[in-house]
Amino acid sequence: MNLSKSLYTKGIQCPKALWLKKYKPSVLTPPDEQAQAIFETGNIVGDLACKLFPDGKEVSYTTNYDEMISTTKEWMKEGVSNIYEATFSYEGILIMVDILKVESDGVSIYEVKSSTEVKDIYLHDVSIQYYVLQNLGFSIKSASVVHINNEYVRGESLELDKLFKIVDVTSEVQSLQSNIASILKEFETYLEDKVNEPDIDIGKHCNKPYECDAKNYCWKVQRQIPEYSIFNIFNLGSKKQVELYNQGIIDIEDIPEDFDMTANQAQAVKNYKSKASYIDKENIKAFLENLTYPIYHLDFETYQQAIPQYKGIKPFEQIPFQYSLHIEYDDGTLIHKEYLSQDSVDSRYELAQKLCEDIPSDVTVLAYNMSFEKGVIKRLCNSFPSLSTHLLAINENMQDLMVPFQKKWYVTPSMQGSYSIKYVLPALVPEFEKAYKELDGVQNGSQAMNAFANLSKLDEISKEKMRTFLLEYCKLDTLAMVKILNKLKKI
């Protein structure tokens, strides 16, 4: 059958996705920058986890799997105690065990994940490894998942035994063994037919545990599901959505008038069908009256480190590296201030200090989805107590530009039921959609995050160019807020 453990888990999520990967890979969406970054993080975490099991040897990856299998056998004979990427095959199922601990009375499996918890899909991942080793006649002492402990706070140096958690999943994996043969038989039945795709409908499995790389093909290409459909109003897999979908209703236009819905759902359907904007002038006016000039429009860019490089940081903590600030006066005057960290150094204190210089402690600060900005500032307070009084004052004076849209005081059909700035901005200020697309190098938050994380890999000329791109992107974010606010003022 030629299955790897990654193909096996893909099939567990959806056998059609497995079939497409095998026979029609051209329809799959290639990994984006974010997926690539997650993959690279996984490699870094994997290499570091091996240090928990020292004095081992790594089986070098090659497309000649027989060579990898024979190297593994050879090392086991030699008595190597820890083998990284130990490779085995049984009836066409190929597995590479992240860390195989070899002892005289049996072997132990350790699967390394850059996640902060043990997900159900990981149990399937480990279970197929267990299945192969058991069928090859090995005595398996235990099976574990090694994952990141997101409660760990780095001190002066990295403590691997605290950074990682090792969770024994032997009993869970053993309980899955009885189903594996029938799952493999099911996969085999699907894969025997190389021409006809499995007839599997869309559903919750398209997003769980991961967004499937066949989703665009199954949803947009095969079923022509529009950008904004019943799936946006009713949760995917919810009873109401299933009911409509089973009746062949996908477009919101086709939802019957007497369909049983909550008040919010009914309002969203009504707004969409009417193609009219809904504006609650009174509430918007009250919101605007609460803002005092000058208004400080603030936006942070952050990145994350799976392995914290700096003291006082947790794994995957949002680390601010940049901010943009547009200061708007009541006569319309705009002043722009900004900060962008140097790469490969801990610039948090400098950023916090600059923020306190740029924002007085008694002014209106405006953010879009302020819980994010407040969270960044709160963490800076905890890290730098000498600045905490000023930083907390900034938080106290913060208002959220998202509120009028979140509270549905301003709704247009083009917002597609969302109050995300991604939808609000083009609805209110259409020319800005084009402005983002015309930016060089960095056009969205995840690109900014990846660009900064990879700055140290660039030569000086490319680095300066990328820094300019980052500044231009972040500047546009706060200018966009200024434009949205001005649009609300004209109502």
# chains A, B, ... in the order shown; residues from 1 in each chain; ligands from 1

call {"tool": "residues_around", "arguments": {"residues": "range 28-38 of chain A", "least_positions_apart": "5", "cutoff": "10 Å", "atoms": "only C-alpha atoms", "output": "list in words"}}
result
Ala17, Leu20, Lys21, Asn43, Ile44, Ser114, Ser115, Cys212, Asp213, Ala214, Lys215, Asn216, Tyr217, Cys218, Ala306, Ser446, Gln447, Met449, Asn450, Ala451, Ala453 and Asn454 of chain A

call {"tool": "select_by_dssp", "arguments": {"residues": "range 56-178 of chain A", "states": "strand (DSSP E)", "output": "ChimeraX atom specification"}}
result
/A:56-58,82-90,93-103,106-112,140-148,164-168

call {"tool": "atom_distance", "arguments": {"atom1": "CA of Asn382 in chain A", "atom2": "CA of Leu355 in chain A"}}
result
15.4 Å

call {"tool": "closest_residue", "arguments": {"among": "A:Tyr131, A:Phe321, A:Phe164, A:Tyr152", "to": "Ser178 in chain A", "atoms": "only C-alpha atoms"}}
result
A:Tyr131

call {"tool": "residues_around", "arguments": {"residues": "Leu123 in chain A", "least_positions_apart": "3", "cutoff": "9 Å", "atoms": "only C-alpha atoms", "output": "PDB file with N, CA and C atoms, in the first residue's frame"}}
result
ATOM      1  N   VAL A 118      -1.197  17.163  24.061  1.00  0.00           N
ATOM      2  CA  VAL A 118      -1.322  15.900  23.317  1.00  0.00           C
ATOM      3  C   VAL A 118      -2.681  15.909  22.616  1.00  0.00           C
ATOM      4  N   LYS A 119      -2.654  15.984  21.284  1.00  0.00           N
ATOM      5  CA  LYS A 119      -3.905  15.975  20.511  1.00  0.00           C
ATOM      6  C   LYS A 119      -4.267  14.541  20.121  1.00  0.00           C
ATOM      7  N   ASP A 120      -5.556  14.318  19.888  1.00  0.00           N
ATOM      8  CA  ASP A 120      -6.019  12.964  19.532  1.00  0.00           C
ATOM      9  C   ASP A 120      -5.282  12.398  18.319  1.00  0.00           C
ATOM     10  N   VAL A 126       1.221   7.790  16.846  1.00  0.00           N
ATOM     11  CA  VAL A 126       2.024   6.854  17.649  1.00  0.00           C
ATOM     12  C   VAL A 126       1.502   5.421  17.475  1.00  0.00           C
ATOM     13  N   SER A 127       0.192   5.279  17.327  1.00  0.00           N
ATOM     14  CA  SER A 127      -0.392   3.927  17.262  1.00  0.00           C
ATOM     15  C   SER A 127       0.060   3.161  16.014  1.00  0.00           C
ATOM     16  N   ILE A 128       0.256   3.876  14.891  1.00  0.00           N
ATOM     17  CA  ILE A 128       0.706   3.171  13.682  1.00  0.00           C
ATOM     18  C   ILE A 128       2.171   2.747  13.838  1.00  0.00           C
ATOM     19  N   VAL A 145       4.464  10.789  24.059  1.00  0.00           N
ATOM     20  CA  VAL A 145       4.516  12.005  23.244  1.00  0.00           C
ATOM     21  C   VAL A 145       5.346  13.030  24.032  1.00  0.00           C
ATOM     22  N   VAL A 169       1.585   7.617  26.722  1.00  0.00           N
ATOM     23  CA  VAL A 169       0.279   7.374  26.070  1.00  0.00           C
ATOM     24  C   VAL A 169       0.123   5.888  25.722  1.00  0.00           C
ATOM     25  N   GLU A 172      -3.501   4.397  25.847  1.00  0.00           N
ATOM     26  CA  GLU A 172      -4.366   4.949  24.779  1.00  0.00           C
ATOM     27  C   GLU A 172      -3.994   4.349  23.423  1.00  0.00           C
ATOM     28  N   VAL A 173      -2.697   4.215  23.186  1.00  0.00           N
ATOM     29  CA  VAL A 173      -2.213   3.681  21.911  1.00  0.00           C
ATOM     30  C   VAL A 173      -2.555   2.186  21.783  1.00  0.00           C
ATOM     31  N   LEU A 176      -6.041   1.547  20.674  1.00  0.00           N
ATOM     32  CA  LEU A 176      -6.330   1.828  19.257  1.00  0.00           C
ATOM     33  C   LEU A 176      -5.896   0.677  18.340  1.00  0.00           C
TER      34      LEU A 176
END

call {"tool": "closest_atom_pairs", "arguments": {"of": "range 349-444 of chain A", "to": "range 461-472 of chain A", "cutoff": "9 Å", "atoms": "only C-alpha atoms", "output": "tab-separated table"}}
result
residue	atom	partner	partner_atom	distance
A:Leu439	CA	A:Phe469	CA	7.5
A:Asp440	CA	A:Phe469	CA	6.1
A:Gly441	CA	A:Phe469	CA	5.9
A:Val442	CA	A:Phe469	CA	5.9
A:Gln443	CA	A:Phe469	CA	8.8

call {"tool": "residues_around", "arguments": {"residues": "range 303-305 of chain A", "least_positions_apart": "5", "cutoff": "6 Å", "atoms": "only C-alpha atoms", "output": "ChimeraX atom specification"}}
result
/A:315-319,449

call {"tool": "closest_residue", "arguments": {"among": "A:Gln353, A:Ser70, A:Ser420, A:Asn271", "to": "Leu391 in chain A", "atoms": "only C-alpha atoms"}}
result
A:Gln353

call {"tool": "select_by_dssp", "arguments": {"residues": "range 163-305 of chain A", "states": "helix (DSSP H, G or I)", "output": "ChimeraX atom specification"}}
result
/A:163,170-192,204-206,215-222,230-233,239-246,252-254,263-274,281-289

call {"tool": "residues_around", "arguments": {"residues": "Asp251 in chain A", "least_positions_apart": "4", "cutoff": "10 Å", "atoms": "only C-alpha atoms", "output": "VMD selection string"}}
result
chain A and resid 225 to 231 244 to 245 255

call {"tool": "write_last_selection", "arguments": {"atoms": "N, CA and C atoms", "output": "PDB file, in the first residue's frame"}}
result
ATOM      1  N   ILE A 225     -19.022  26.319  -3.436  1.00  0.00           N
ATOM      2  CA  ILE A 225     -19.515  27.000  -2.231  1.00  0.00           C
ATOM      3  C   ILE A 225     -18.966  28.418  -2.229  1.00  0.00           C
ATOM      4  N   PRO A 226     -19.841  29.418  -2.164  1.00  0.00           N
ATOM      5  CA  PRO A 226     -19.370  30.813  -2.246  1.00  0.00           C
ATOM      6  C   PRO A 226     -18.564  31.223  -1.015  1.00  0.00           C
ATOM      7  N   GLU A 227     -17.880  32.355  -1.158  1.00  0.00           N
ATOM      8  CA  GLU A 227     -17.045  32.901  -0.077  1.00  0.00           C
ATOM      9  C   GLU A 227     -17.855  33.087   1.196  1.00  0.00           C
ATOM     10  N   TYR A 228     -19.097  33.527   1.014  1.00  0.00           N
ATOM     11  CA  TYR A 228     -19.973  33.747   2.174  1.00  0.00           C
ATOM     12  C   TYR A 228     -21.211  32.890   1.971  1.00  0.00           C
ATOM     13  N   SER A 229     -21.394  31.914   2.863  1.00  0.00           N
ATOM     14  CA  SER A 229     -22.465  30.933   2.670  1.00  0.00           C
ATOM     15  C   SER A 229     -23.087  30.576   4.020  1.00  0.00           C
ATOM     16  N   ILE A 230     -23.940  29.563   4.032  1.00  0.00           N
ATOM     17  CA  ILE A 230     -24.560  29.113   5.287  1.00  0.00           C
ATOM     18  C   ILE A 230     -23.503  28.703   6.310  1.00  0.00           C
ATOM     19  N   PHE A 231     -22.312  28.321   5.817  1.00  0.00           N
ATOM     20  CA  PHE A 231     -21.251  27.879   6.726  1.00  0.00           C
ATOM     21  C   PHE A 231     -20.682  29.034   7.552  1.00  0.00           C
ATOM     22  N   LEU A 244     -29.746  22.466   6.645  1.00  0.00           N
ATOM     23  CA  LEU A 244     -29.823  23.248   5.398  1.00  0.00           C
ATOM     24  C   LEU A 244     -29.029  22.567   4.282  1.00  0.00           C
ATOM     25  N   TYR A 245     -27.810  22.132   4.618  1.00  0.00           N
ATOM     26  CA  TYR A 245     -26.937  21.518   3.615  1.00  0.00           C
ATOM     27  C   TYR A 245     -27.574  20.256   3.045  1.00  0.00           C
ATOM     28  N   ILE A 255     -32.100  30.457   2.061  1.00  0.00           N
ATOM     29  CA  ILE A 255     -32.607  30.043   3.375  1.00  0.00           C
ATOM     30  C   ILE A 255     -34.078  30.461   3.485  1.00  0.00           C
TER      31      ILE A 255
END

call {"tool": "atom_distance", "arguments": {"atom1": "CA of Leu100 in chain A", "atom2": "CA of Pro209 in chain A"}}
result
26.0 Å

call {"tool": "residues_around", "arguments": {"residues": "Phe234 in chain A", "least_positions_apart": "2", "cutoff": "12 Å", "atoms": "only C-alpha atoms", "output": "PyMOL selection string"}}
result
chain A and resi 228-232+236-245+250+252+255+260-262+264-266+268-269+417

call {"tool": "residues_around", "arguments": {"residues": "Tyr272 in chain A", "least_positions_apart": "2", "cutoff": "8 Å", "atoms": "only C-alpha atoms", "output": "ChimeraX atom specification"}}
result
/A:252-253,268-270,274-276,412-413,416
